[in-house]
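Remarks on the structure that follows.
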Amino acid sequence: MKKRIAVFFISIIIITVLFITFNGGTENPFSFESENHVLDNNSPKPTGNHGLNSDILVIYTPNPAFAGVMHSFIDTFNPDPEPETSTDPESEGELTSKPEHTEAVKQTLTLPQAITLSPISAKLAIGSEFDIKYSIEPTGAVPDVTVSCSDESVASVNGKRVKIVGSGTAKITVTTANGLSASCTLTVGSFSSITSIAFPYSELQLNVGESKIVLPLILPENAAEKNIKFSIPDSSIISIGSDGAITALKIGRTTITATTDNGLSSQMTVLVTTDVKRIEITLSNDTVAVGDTVTAKVDIFPEGLSDRSYTLSADSEDVVISGNHITCGKAGTFTITASSPGAADVTAVLHVVDPESLKDEVIRLTNAERLKLGLQTLEKASSGVVSATSARAQEITQKYSHIRPNGTKWHTITEEYGITDRIVGENLACGQKTAAEVVSAWMKSSSHRENMVNPDFTHLAVGLRIVDGVFYWSQMFVGN
């Protein structure tokens with residue numbers, strides 16, 4: 001008994017010395033960092049937040065030296081245990097204790113914090129198949145997911161492959177290992193397959209930093225929605241978002257290719273410059289007579305663009321456009337539009353007048369002035385006088401004077417047209433674009449006003465010519 005008590009106290013001393021040696025002096029061997037969940041072989045599993053935040057599990061095994069001391073301590077009070085044994089070839093028959101020697105193990109698992117699907121809705125035809133596409137954040141999170149369908153009569157799921165089997169609406173849901181989910185709504189009906197895809201422009205020009213949404217046109221109109229993939233050979237020049245927004249990054253030229261799931265594709269060239277493509281339109285005349293033709297001049301900037309094509313259009317079917325030539329058979333104000341791929345449309349306004357209506361209005365306004373003075377109104381002159389007046393309007397487009405282009409006085413034209421009236425008078429004007437303007441100008445000039453209110457004149461003819469947008473007027477008064 002005394003021997004056992006002595007062994008006991010000796011063991012206590014040995015344990016104390018070893019305990020201090022292997023655990024850094026007086027530091028508590030059972031204290032751990034509180035920021036992590038710590039387990040030993042006998043500890044319960046940790047508790048904590050297992051939602052969206054990542055959890056880190058750290059497992060520690062016992063200190064090998066401390067484990068050996070514990071074995072020795074147990075052997076002291078239990079001299080006849082059933083230890084884990086091994087046979088040492090050099091000491092056959094001698095039993096030796098073999099404590100378990102293991103090192104600390106650290107294992108880190110990052111749980112998903114978000115999951116997204118693209119697209120979130122789609123129209124599909126029966127028989128279509130596709131792989132569900134999703135993304136998990138953060139990168140490196142546990143990638144395991146399950147894919148399910150709300151209505152297996154509409155779509156079947158095999159792994160991540162979805163096949164459309166019937167008409168209706170179904171929701172495809174992708175769920176992560178920790179319960180996060182995202183869904184895509186499928187609408188299945190009698191949709192046609194895509195037969196063509198085409199960008200609206202063959203070339204698009206953007207300024208550096210500018211963005212523009214340009215989506216390809218898909219036919220037929222009832223085509224099922226398909227995923228359109230965009231590819232860019234040089235992504236340093238432009239970028240393209242999921243909504244089709246093209247952003248110019250630096251000066252250069254590249255190509256965007258849009259491809260459907262069934263292999264159809266369309267290309268569009270994108271030119272990035274420091275100056276946005278623009279067009280200008282100029283009409284040779286902005287005011288013409290009915291039946292006259294004007295020419296449209298279209299300029300495209302900047303220079304050097306490969307696509308310099310453009311089209312002209314009008315807001316009325318009464319305007320006929322042939323190349324750059326524009327003719328209108330009806331009086332009115334019309335808008336001419338010039339369009340070029342990749343540039344904003346520009347417009348020009350064309351005024352088309354009816355000379356006969358204007359001449360009749362001049363006669364009406366002249367008679368209104370005579371009536372104010374109590375004078376008899378003037379009748380429309382004979383065809384000979386009308387022809388002579390029109391000829392004089394044409395002559396003053398060449399030489400604006402009462403002297404004719406041939407150098408003779410203006411009244412010599414009466415002989416050429418067989419006019420035999422006893423007295424004849426002439427008024428001329430240039431630049432006024434309405435009957436009211438020209439009559440007002442004449443009435444403010446004493447010599448012209450004298451002809452207009454002369455009581456001896458009984459008939460009046462008016463001539464009008466429009467050249468390069470300039471109105472040339474003539475009046476011829478006759479009386480006996």
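Letters for chains follow the order of the structure tokens (A, B, ...), residue numbers begin at 1 for each chain, and ligand numbers begin at 1 in the order shown.
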
Item to complete: Please report, as number ranges by chain, each residue of stretch 252-430 of chain A to which DSSP assigns helix (DSSP H, G or I) when run on this structure's backbone.
Response: A: 355-372, 383-395, 410-416

Item to complete: Please identify all polymer residues within 12 Å of A:Gly431, counting only C-alpha atoms, omitting same-chain residues fewer than 3 positions from it, and present them as a ChimeraX atom specification.
Response: /A:287,396-397,400,428,434-435,437-438,441,464-474

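With only C-alpha atoms taken into account, the protein and nucleic acid residues at most 10 Å from A:Ser235 (excluding it and anything under 6 positions from it in its own chain) are Ala248, Leu249, Lys250, Thr254, Thr255 and Ile256 of chain A.
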
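The space between atom CA of A:Leu111 and atom CA of A:Val142 spans 5.6 Å.
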
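Our summary of the geometry notes that atom CA of A:Gly374 is positioned 19.7 Å from atom CA of A:Ser447.
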
Show me, as a PDB file with all heavy atoms, in the first residue's frame, the residues that have an atom within 12 Å of A:Gln205 when counting only C-alpha atoms, minus same-chain residues fewer than 5 positions from it.
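Everything below was put into around-v1.pdb:
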```
ATOM      1  N   GLU A 210     -19.817  56.632 -75.560  1.00  0.00           N
ATOM      2  CA  GLU A 210     -21.245  56.627 -75.898  1.00  0.00           C
ATOM      3  C   GLU A 210     -21.795  55.210 -75.847  1.00  0.00           C
ATOM      4  O   GLU A 210     -21.102  54.236 -76.153  1.00  0.00           O
ATOM      5  CB  GLU A 210     -21.459  57.223 -77.283  1.00  0.00           C
ATOM      6  CG  GLU A 210     -22.924  57.330 -77.685  1.00  0.00           C
ATOM      7  CD  GLU A 210     -23.106  57.853 -79.093  1.00  0.00           C
ATOM      8  OE1 GLU A 210     -22.100  57.938 -79.824  1.00  0.00           O
ATOM      9  OE2 GLU A 210     -24.250  58.169 -79.462  1.00  0.00           O
ATOM     10  N   SER A 211     -23.076  55.078 -75.477  1.00  0.00           N
ATOM     11  CA  SER A 211     -23.757  53.783 -75.445  1.00  0.00           C
ATOM     12  C   SER A 211     -25.047  53.854 -76.250  1.00  0.00           C
ATOM     13  O   SER A 211     -25.703  54.893 -76.287  1.00  0.00           O
ATOM     14  CB  SER A 211     -24.076  53.357 -74.009  1.00  0.00           C
ATOM     15  OG  SER A 211     -22.909  53.115 -73.275  1.00  0.00           O
ATOM     16  N   LYS A 212     -25.385  52.738 -76.884  1.00  0.00           N
ATOM     17  CA  LYS A 212     -26.621  52.671 -77.664  1.00  0.00           C
ATOM     18  C   LYS A 212     -27.114  51.240 -77.673  1.00  0.00           C
ATOM     19  O   LYS A 212     -26.329  50.310 -77.856  1.00  0.00           O
ATOM     20  CB  LYS A 212     -26.388  53.163 -79.093  1.00  0.00           C
ATOM     21  CG  LYS A 212     -27.668  53.254 -79.928  1.00  0.00           C
ATOM     22  CD  LYS A 212     -27.392  53.901 -81.271  1.00  0.00           C
ATOM     23  CE  LYS A 212     -28.684  54.070 -82.074  1.00  0.00           C
ATOM     24  NZ  LYS A 212     -28.454  54.746 -83.365  1.00  0.00           N
ATOM     25  N   VAL A 214     -28.805  48.349 -79.436  1.00  0.00           N
ATOM     26  CA  VAL A 214     -29.088  47.895 -80.802  1.00  0.00           C
ATOM     27  C   VAL A 214     -29.336  46.392 -80.745  1.00  0.00           C
ATOM     28  O   VAL A 214     -28.413  45.616 -80.492  1.00  0.00           O
ATOM     29  CB  VAL A 214     -27.925  48.198 -81.764  1.00  0.00           C
ATOM     30  CG1 VAL A 214     -28.277  47.724 -83.166  1.00  0.00           C
ATOM     31  CG2 VAL A 214     -27.620  49.691 -81.777  1.00  0.00           C
ATOM     32  N   ILE A 238     -15.197  47.798 -77.736  1.00  0.00           N
ATOM     33  CA  ILE A 238     -16.576  47.967 -77.287  1.00  0.00           C
ATOM     34  C   ILE A 238     -16.921  46.872 -76.290  1.00  0.00           C
ATOM     35  O   ILE A 238     -16.241  45.846 -76.206  1.00  0.00           O
ATOM     36  CB  ILE A 238     -17.587  47.922 -78.457  1.00  0.00           C
ATOM     37  CG1 ILE A 238     -17.517  46.547 -79.164  1.00  0.00           C
ATOM     38  CG2 ILE A 238     -17.373  49.043 -79.428  1.00  0.00           C
ATOM     39  CD1 ILE A 238     -18.603  46.331 -80.173  1.00  0.00           C
ATOM     40  N   ILE A 246     -24.577  48.713 -76.395  1.00  0.00           N
ATOM     41  CA  ILE A 246     -23.200  48.704 -76.876  1.00  0.00           C
ATOM     42  C   ILE A 246     -22.516  49.957 -76.366  1.00  0.00           C
ATOM     43  O   ILE A 246     -23.007  51.067 -76.571  1.00  0.00           O
ATOM     44  CB  ILE A 246     -23.159  48.658 -78.410  1.00  0.00           C
ATOM     45  CG1 ILE A 246     -23.920  47.421 -78.919  1.00  0.00           C
ATOM     46  CG2 ILE A 246     -21.722  48.654 -78.921  1.00  0.00           C
ATOM     47  CD1 ILE A 246     -24.145  47.420 -80.412  1.00  0.00           C
ATOM     48  N   THR A 247     -21.383  49.791 -75.711  1.00  0.00           N
ATOM     49  CA  THR A 247     -20.637  50.923 -75.163  1.00  0.00           C
ATOM     50  C   THR A 247     -19.280  51.013 -75.839  1.00  0.00           C
ATOM     51  O   THR A 247     -18.550  50.019 -75.926  1.00  0.00           O
ATOM     52  CB  THR A 247     -20.440  50.771 -73.642  1.00  0.00           C
ATOM     53  OG1 THR A 247     -21.728  50.682 -73.016  1.00  0.00           O
ATOM     54  CG2 THR A 247     -19.686  51.954 -73.071  1.00  0.00           C
ATOM     55  N   ALA A 248     -18.969  52.208 -76.362  1.00  0.00           N
ATOM     56  CA  ALA A 248     -17.689  52.432 -77.032  1.00  0.00           C
ATOM     57  C   ALA A 248     -16.611  52.702 -75.983  1.00  0.00           C
ATOM     58  O   ALA A 248     -16.760  53.594 -75.153  1.00  0.00           O
ATOM     59  CB  ALA A 248     -17.801  53.605 -77.997  1.00  0.00           C
ATOM     60  N   ILE A 251     -11.075  54.152 -79.551  1.00  0.00           N
ATOM     61  CA  ILE A 251     -11.155  54.314 -80.997  1.00  0.00           C
ATOM     62  C   ILE A 251     -10.739  53.020 -81.690  1.00  0.00           C
ATOM     63  O   ILE A 251      -9.740  52.387 -81.329  1.00  0.00           O
ATOM     64  CB  ILE A 251     -10.266  55.480 -81.455  1.00  0.00           C
ATOM     65  CG1 ILE A 251     -10.780  56.804 -80.868  1.00  0.00           C
ATOM     66  CG2 ILE A 251     -10.203  55.564 -82.966  1.00  0.00           C
ATOM     67  CD1 ILE A 251      -9.896  57.989 -81.162  1.00  0.00           C
ATOM     68  N   GLY A 252     -11.509  52.615 -82.683  1.00  0.00           N
ATOM     69  CA  GLY A 252     -11.196  51.408 -83.435  1.00  0.00           C
ATOM     70  C   GLY A 252     -12.410  50.896 -84.171  1.00  0.00           C
ATOM     71  O   GLY A 252     -13.481  51.504 -84.157  1.00  0.00           O
ATOM     72  N   ARG A 253     -12.240  49.747 -84.815  1.00  0.00           N
ATOM     73  CA  ARG A 253     -13.327  49.113 -85.568  1.00  0.00           C
ATOM     74  C   ARG A 253     -13.376  47.644 -85.200  1.00  0.00           C
ATOM     75  O   ARG A 253     -12.333  46.968 -85.139  1.00  0.00           O
ATOM     76  CB  ARG A 253     -13.090  49.273 -87.072  1.00  0.00           C
ATOM     77  CG  ARG A 253     -14.235  48.720 -87.943  1.00  0.00           C
ATOM     78  CD  ARG A 253     -13.818  48.703 -89.420  1.00  0.00           C
ATOM     79  NE  ARG A 253     -13.601  50.033 -89.924  1.00  0.00           N
ATOM     80  CZ  ARG A 253     -14.547  50.787 -90.486  1.00  0.00           C
ATOM     81  NH1 ARG A 253     -15.775  50.309 -90.604  1.00  0.00           N
ATOM     82  NH2 ARG A 253     -14.266  51.991 -90.928  1.00  0.00           N
ATOM     83  N   THR A 254     -14.562  47.136 -84.936  1.00  0.00           N
ATOM     84  CA  THR A 254     -14.717  45.727 -84.619  1.00  0.00           C
ATOM     85  C   THR A 254     -16.079  45.257 -85.099  1.00  0.00           C
ATOM     86  O   THR A 254     -16.838  46.034 -85.703  1.00  0.00           O
ATOM     87  CB  THR A 254     -14.550  45.473 -83.108  1.00  0.00           C
ATOM     88  OG1 THR A 254     -14.510  44.052 -82.877  1.00  0.00           O
ATOM     89  CG2 THR A 254     -15.695  46.087 -82.315  1.00  0.00           C
ATOM     90  N   THR A 255     -16.395  43.998 -84.846  1.00  0.00           N
ATOM     91  CA  THR A 255     -17.631  43.402 -85.346  1.00  0.00           C
ATOM     92  C   THR A 255     -18.361  42.688 -84.217  1.00  0.00           C
ATOM     93  O   THR A 255     -17.732  42.017 -83.391  1.00  0.00           O
ATOM     94  CB  THR A 255     -17.347  42.393 -86.464  1.00  0.00           C
ATOM     95  OG1 THR A 255     -16.639  43.055 -87.516  1.00  0.00           O
ATOM     96  CG2 THR A 255     -18.642  41.823 -87.017  1.00  0.00           C
ATOM     97  N   MET A 268     -22.679  43.000 -87.376  1.00  0.00           N
ATOM     98  CA  MET A 268     -22.740  44.449 -87.516  1.00  0.00           C
ATOM     99  C   MET A 268     -21.365  45.017 -87.156  1.00  0.00           C
ATOM    100  O   MET A 268     -20.778  44.680 -86.135  1.00  0.00           O
ATOM    101  CB  MET A 268     -23.803  45.043 -86.585  1.00  0.00           C
ATOM    102  CG  MET A 268     -23.889  46.564 -86.633  1.00  0.00           C
ATOM    103  SD  MET A 268     -25.218  47.235 -85.587  1.00  0.00           S
ATOM    104  CE  MET A 268     -24.611  46.775 -83.960  1.00  0.00           C
ATOM    105  N   THR A 269     -20.873  45.865 -88.042  1.00  0.00           N
ATOM    106  CA  THR A 269     -19.598  46.531 -87.792  1.00  0.00           C
ATOM    107  C   THR A 269     -19.828  47.738 -86.890  1.00  0.00           C
ATOM    108  O   THR A 269     -20.792  48.472 -87.056  1.00  0.00           O
ATOM    109  CB  THR A 269     -18.944  46.985 -89.114  1.00  0.00           C
ATOM    110  OG1 THR A 269     -18.691  45.827 -89.914  1.00  0.00           O
ATOM    111  CG2 THR A 269     -17.634  47.706 -88.848  1.00  0.00           C
ATOM    112  N   VAL A 270     -18.938  47.930 -85.925  1.00  0.00           N
ATOM    113  CA  VAL A 270     -19.025  49.072 -85.018  1.00  0.00           C
ATOM    114  C   VAL A 270     -17.741  49.889 -85.172  1.00  0.00           C
ATOM    115  O   VAL A 270     -16.637  49.356 -85.002  1.00  0.00           O
ATOM    116  CB  VAL A 270     -19.206  48.643 -83.559  1.00  0.00           C
ATOM    117  CG1 VAL A 270     -19.285  49.866 -82.655  1.00  0.00           C
ATOM    118  CG2 VAL A 270     -20.459  47.795 -83.412  1.00  0.00           C
ATOM    119  N   LEU A 271     -17.908  51.157 -85.525  1.00  0.00           N
ATOM    120  CA  LEU A 271     -16.778  52.067 -85.669  1.00  0.00           C
ATOM    121  C   LEU A 271     -16.814  53.051 -84.507  1.00  0.00           C
ATOM    122  O   LEU A 271     -17.801  53.753 -84.308  1.00  0.00           O
ATOM    123  CB  LEU A 271     -16.856  52.823 -86.994  1.00  0.00           C
ATOM    124  CG  LEU A 271     -15.791  53.900 -87.225  1.00  0.00           C
ATOM    125  CD1 LEU A 271     -14.400  53.273 -87.293  1.00  0.00           C
ATOM    126  CD2 LEU A 271     -16.084  54.671 -88.511  1.00  0.00           C
ATOM    127  N   VAL A 272     -15.748  53.082 -83.736  1.00  0.00           N
ATOM    128  CA  VAL A 272     -15.651  53.990 -82.606  1.00  0.00           C
ATOM    129  C   VAL A 272     -14.680  55.111 -82.977  1.00  0.00           C
ATOM    130  O   VAL A 272     -13.529  54.858 -83.349  1.00  0.00           O
ATOM    131  CB  VAL A 272     -15.159  53.273 -81.339  1.00  0.00           C
ATOM    132  CG1 VAL A 272     -15.058  54.262 -80.176  1.00  0.00           C
ATOM    133  CG2 VAL A 272     -16.101  52.135 -80.986  1.00  0.00           C
ATOM    134  N   THR A 273     -15.165  56.336 -82.927  1.00  0.00           N
ATOM    135  CA  THR A 273     -14.348  57.500 -83.257  1.00  0.00           C
ATOM    136  C   THR A 273     -14.512  58.544 -82.165  1.00  0.00           C
ATOM    137  O   THR A 273     -15.227  58.331 -81.189  1.00  0.00           O
ATOM    138  CB  THR A 273     -14.763  58.116 -84.611  1.00  0.00           C
ATOM    139  OG1 THR A 273     -16.056  58.721 -84.468  1.00  0.00           O
ATOM    140  CG2 THR A 273     -14.808  57.068 -85.700  1.00  0.00           C
ATOM    141  N   THR A 274     -13.870  59.659 -82.351  1.00  0.00           N
ATOM    142  CA  THR A 274     -14.059  60.784 -81.437  1.00  0.00           C
ATOM    143  C   THR A 274     -15.139  61.721 -81.948  1.00  0.00           C
ATOM    144  O   THR A 274     -15.415  62.739 -81.342  1.00  0.00           O
ATOM    145  CB  THR A 274     -12.744  61.573 -81.281  1.00  0.00           C
ATOM    146  OG1 THR A 274     -12.293  61.986 -82.575  1.00  0.00           O
ATOM    147  CG2 THR A 274     -11.691  60.713 -80.615  1.00  0.00           C
ATOM    148  N   ASP A 275     -15.733  61.388 -83.084  1.00  0.00           N
ATOM    149  CA  ASP A 275     -16.776  62.226 -83.678  1.00  0.00           C
ATOM    150  C   ASP A 275     -17.913  61.327 -84.132  1.00  0.00           C
ATOM    151  O   ASP A 275     -17.712  60.426 -84.945  1.00  0.00           O
ATOM    152  CB  ASP A 275     -16.225  63.010 -84.874  1.00  0.00           C
ATOM    153  CG  ASP A 275     -17.207  64.061 -85.372  1.00  0.00           C
ATOM    154  OD1 ASP A 275     -18.212  64.283 -84.677  1.00  0.00           O
ATOM    155  OD2 ASP A 275     -16.965  64.637 -86.438  1.00  0.00           O
ATOM    156  N   VAL A 276     -19.106  61.530 -83.598  1.00  0.00           N
ATOM    157  CA  VAL A 276     -20.240  60.682 -83.925  1.00  0.00           C
ATOM    158  C   VAL A 276     -20.653  60.879 -85.377  1.00  0.00           C
ATOM    159  O   VAL A 276     -20.628  61.990 -85.911  1.00  0.00           O
ATOM    160  CB  VAL A 276     -21.435  61.009 -82.991  1.00  0.00           C
ATOM    161  CG1 VAL A 276     -22.652  60.182 -83.374  1.00  0.00           C
ATOM    162  CG2 VAL A 276     -21.050  60.759 -81.549  1.00  0.00           C
ATOM    163  N   LYS A 277     -21.023  59.790 -86.024  1.00  0.00           N
ATOM    164  CA  LYS A 277     -21.482  59.877 -87.409  1.00  0.00           C
ATOM    165  C   LYS A 277     -22.708  60.778 -87.491  1.00  0.00           C
ATOM    166  O   LYS A 277     -23.640  60.652 -86.712  1.00  0.00           O
ATOM    167  CB  LYS A 277     -21.833  58.483 -87.928  1.00  0.00           C
ATOM    168  CG  LYS A 277     -22.307  58.468 -89.378  1.00  0.00           C
ATOM    169  CD  LYS A 277     -22.627  57.062 -89.835  1.00  0.00           C
ATOM    170  CE  LYS A 277     -23.051  57.033 -91.300  1.00  0.00           C
ATOM    171  NZ  LYS A 277     -23.381  55.661 -91.741  1.00  0.00           N
ATOM    172  N   ARG A 278     -22.689  61.677 -88.439  1.00  0.00           N
ATOM    173  CA  ARG A 278     -23.824  62.579 -88.613  1.00  0.00           C
ATOM    174  C   ARG A 278     -24.028  62.866 -90.098  1.00  0.00           C
ATOM    175  O   ARG A 278     -23.113  62.686 -90.898  1.00  0.00           O
ATOM    176  CB  ARG A 278     -23.600  63.890 -87.857  1.00  0.00           C
ATOM    177  CG  ARG A 278     -22.507  64.764 -88.421  1.00  0.00           C
ATOM    178  CD  ARG A 278     -22.247  65.989 -87.557  1.00  0.00           C
ATOM    179  NE  ARG A 278     -21.381  66.953 -88.215  1.00  0.00           N
ATOM    180  CZ  ARG A 278     -20.076  66.859 -88.307  1.00  0.00           C
ATOM    181  NH1 ARG A 278     -19.458  65.812 -87.782  1.00  0.00           N
ATOM    182  NH2 ARG A 278     -19.373  67.787 -88.930  1.00  0.00           N
ATOM    183  N   ILE A 300     -22.221  63.243 -95.388  1.00  0.00           N
ATOM    184  CA  ILE A 300     -22.035  62.318 -94.268  1.00  0.00           C
ATOM    185  C   ILE A 300     -20.672  62.578 -93.638  1.00  0.00           C
ATOM    186  O   ILE A 300     -19.665  62.639 -94.333  1.00  0.00           O
ATOM    187  CB  ILE A 300     -22.153  60.858 -94.731  1.00  0.00           C
ATOM    188  CG1 ILE A 300     -23.548  60.604 -95.308  1.00  0.00           C
ATOM    189  CG2 ILE A 300     -21.872  59.899 -93.578  1.00  0.00           C
ATOM    190  CD1 ILE A 300     -23.757  59.195 -95.816  1.00  0.00           C
ATOM    191  N   PHE A 301     -20.668  62.724 -92.321  1.00  0.00           N
ATOM    192  CA  PHE A 301     -19.437  62.997 -91.584  1.00  0.00           C
ATOM    193  C   PHE A 301     -19.256  61.956 -90.485  1.00  0.00           C
ATOM    194  O   PHE A 301     -20.239  61.417 -89.984  1.00  0.00           O
ATOM    195  CB  PHE A 301     -19.483  64.412 -90.973  1.00  0.00           C
ATOM    196  CG  PHE A 301     -19.707  65.513 -91.964  1.00  0.00           C
ATOM    197  CD1 PHE A 301     -20.984  66.006 -92.197  1.00  0.00           C
ATOM    198  CD2 PHE A 301     -18.646  66.045 -92.677  1.00  0.00           C
ATOM    199  CE1 PHE A 301     -21.201  67.022 -93.111  1.00  0.00           C
ATOM    200  CE2 PHE A 301     -18.854  67.062 -93.588  1.00  0.00           C
ATOM    201  CZ  PHE A 301     -20.133  67.547 -93.810  1.00  0.00           C
ATOM    202  N   PRO A 302     -18.002  61.659 -90.055  1.00  0.00           N
ATOM    203  CA  PRO A 302     -16.744  62.185 -90.597  1.00  0.00           C
ATOM    204  C   PRO A 302     -16.351  61.488 -91.887  1.00  0.00           C
ATOM    205  O   PRO A 302     -16.972  60.488 -92.276  1.00  0.00           O
ATOM    206  CB  PRO A 302     -15.735  61.877 -89.485  1.00  0.00           C
ATOM    207  CG  PRO A 302     -16.276  60.642 -88.851  1.00  0.00           C
ATOM    208  CD  PRO A 302     -17.768  60.775 -88.899  1.00  0.00           C
ATOM    209  N   GLY A 304     -14.245  59.168 -94.448  1.00  0.00           N
ATOM    210  CA  GLY A 304     -13.573  57.883 -94.302  1.00  0.00           C
ATOM    211  C   GLY A 304     -14.452  56.741 -93.846  1.00  0.00           C
ATOM    212  O   GLY A 304     -13.972  55.615 -93.679  1.00  0.00           O
ATOM    213  N   LEU A 305     -15.749  56.999 -93.625  1.00  0.00           N
ATOM    214  CA  LEU A 305     -16.636  55.911 -93.240  1.00  0.00           C
ATOM    215  C   LEU A 305     -16.845  54.962 -94.410  1.00  0.00           C
ATOM    216  O   LEU A 305     -17.006  55.390 -95.551  1.00  0.00           O
ATOM    217  CB  LEU A 305     -17.979  56.462 -92.775  1.00  0.00           C
ATOM    218  CG  LEU A 305     -17.967  57.305 -91.494  1.00  0.00           C
ATOM    219  CD1 LEU A 305     -19.363  57.837 -91.220  1.00  0.00           C
ATOM    220  CD2 LEU A 305     -17.463  56.494 -90.332  1.00  0.00           C
ATOM    221  N   SER A 306     -16.846  53.666 -94.117  1.00  0.00           N
ATOM    222  CA  SER A 306     -17.036  52.703 -95.199  1.00  0.00           C
ATOM    223  C   SER A 306     -18.483  52.675 -95.679  1.00  0.00           C
ATOM    224  O   SER A 306     -18.753  52.449 -96.855  1.00  0.00           O
ATOM    225  CB  SER A 306     -16.612  51.295 -94.727  1.00  0.00           C
ATOM    226  OG  SER A 306     -17.389  50.895 -93.602  1.00  0.00           O
ATOM    227  N   ASP A 307     -19.426  52.898 -94.761  1.00  0.00           N
ATOM    228  CA  ASP A 307     -20.845  52.907 -95.126  1.00  0.00           C
ATOM    229  C   ASP A 307     -21.325  54.353 -95.203  1.00  0.00           C
ATOM    230  O   ASP A 307     -21.573  55.000 -94.191  1.00  0.00           O
ATOM    231  CB  ASP A 307     -21.663  52.136 -94.097  1.00  0.00           C
ATOM    232  CG  ASP A 307     -23.131  52.009 -94.506  1.00  0.00           C
ATOM    233  OD1 ASP A 307     -23.490  52.535 -95.592  1.00  0.00           O
ATOM    234  OD2 ASP A 307     -23.905  51.384 -93.771  1.00  0.00           O
ATOM    235  N   ARG A 308     -21.445  54.857 -96.411  1.00  0.00           N
ATOM    236  CA  ARG A 308     -21.904  56.229 -96.624  1.00  0.00           C
ATOM    237  C   ARG A 308     -23.260  56.247 -97.331  1.00  0.00           C
ATOM    238  O   ARG A 308     -23.633  57.228 -97.959  1.00  0.00           O
ATOM    239  CB  ARG A 308     -20.866  57.012 -97.434  1.00  0.00           C
ATOM    240  CG  ARG A 308     -19.488  57.038 -96.773  1.00  0.00           C
ATOM    241  CD  ARG A 308     -18.493  57.861 -97.572  1.00  0.00           C
ATOM    242  NE  ARG A 308     -18.885  59.269 -97.655  1.00  0.00           N
ATOM    243  CZ  ARG A 308     -18.672  60.152 -96.687  1.00  0.00           C
ATOM    244  NH1 ARG A 308     -18.094  59.762 -95.546  1.00  0.00           N
ATOM    245  NH2 ARG A 308     -19.030  61.413 -96.822  1.00  0.00           N
ATOM    246  N   SER A 340     -29.361  57.575 -92.570  1.00  0.00           N
ATOM    247  CA  SER A 340     -28.154  56.804 -92.842  1.00  0.00           C
ATOM    248  C   SER A 340     -27.917  55.868 -91.671  1.00  0.00           C
ATOM    249  O   SER A 340     -28.090  56.281 -90.514  1.00  0.00           O
ATOM    250  CB  SER A 340     -26.946  57.719 -93.040  1.00  0.00           C
ATOM    251  OG  SER A 340     -25.790  56.964 -93.356  1.00  0.00           O
ATOM    252  N   PRO A 341     -27.552  54.600 -91.914  1.00  0.00           N
ATOM    253  CA  PRO A 341     -27.357  53.651 -90.819  1.00  0.00           C
ATOM    254  C   PRO A 341     -26.356  54.173 -89.791  1.00  0.00           C
ATOM    255  O   PRO A 341     -25.269  54.618 -90.132  1.00  0.00           O
ATOM    256  CB  PRO A 341     -26.819  52.403 -91.527  1.00  0.00           C
ATOM    257  CG  PRO A 341     -27.335  52.507 -92.920  1.00  0.00           C
ATOM    258  CD  PRO A 341     -27.325  53.975 -93.231  1.00  0.00           C
ATOM    259  N   GLY A 342     -26.772  54.126 -88.526  1.00  0.00           N
ATOM    260  CA  GLY A 342     -25.881  54.518 -87.453  1.00  0.00           C
ATOM    261  C   GLY A 342     -25.848  55.988 -87.148  1.00  0.00           C
ATOM    262  O   GLY A 342     -25.094  56.425 -86.272  1.00  0.00           O
ATOM    263  N   ALA A 343     -26.655  56.785 -87.841  1.00  0.00           N
ATOM    264  CA  ALA A 343     -26.667  58.231 -87.604  1.00  0.00           C
ATOM    265  C   ALA A 343     -28.096  58.686 -87.354  1.00  0.00           C
ATOM    266  O   ALA A 343     -29.061  58.042 -87.783  1.00  0.00           O
ATOM    267  CB  ALA A 343     -26.074  58.985 -88.792  1.00  0.00           C
ATOM    268  N   ALA A 344     -28.235  59.797 -86.664  1.00  0.00           N
ATOM    269  CA  ALA A 344     -29.569  60.352 -86.424  1.00  0.00           C
ATOM    270  C   ALA A 344     -30.135  60.934 -87.718  1.00  0.00           C
ATOM    271  O   ALA A 344     -29.404  61.506 -88.526  1.00  0.00           O
ATOM    272  CB  ALA A 344     -29.486  61.440 -85.352  1.00  0.00           C
TER     273      ALA A 344
END
```

Fill in: Minimum-distance residue to A:Pro200, chosen among A:Leu375, A:Ala245, A:Ser135, A:Gln267 (using only C-alpha atoms)
A:Gln267

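Atom to atom, atom CA of A:Pro220 and atom CA of A:Thr187 stand 17.4 Å apart.
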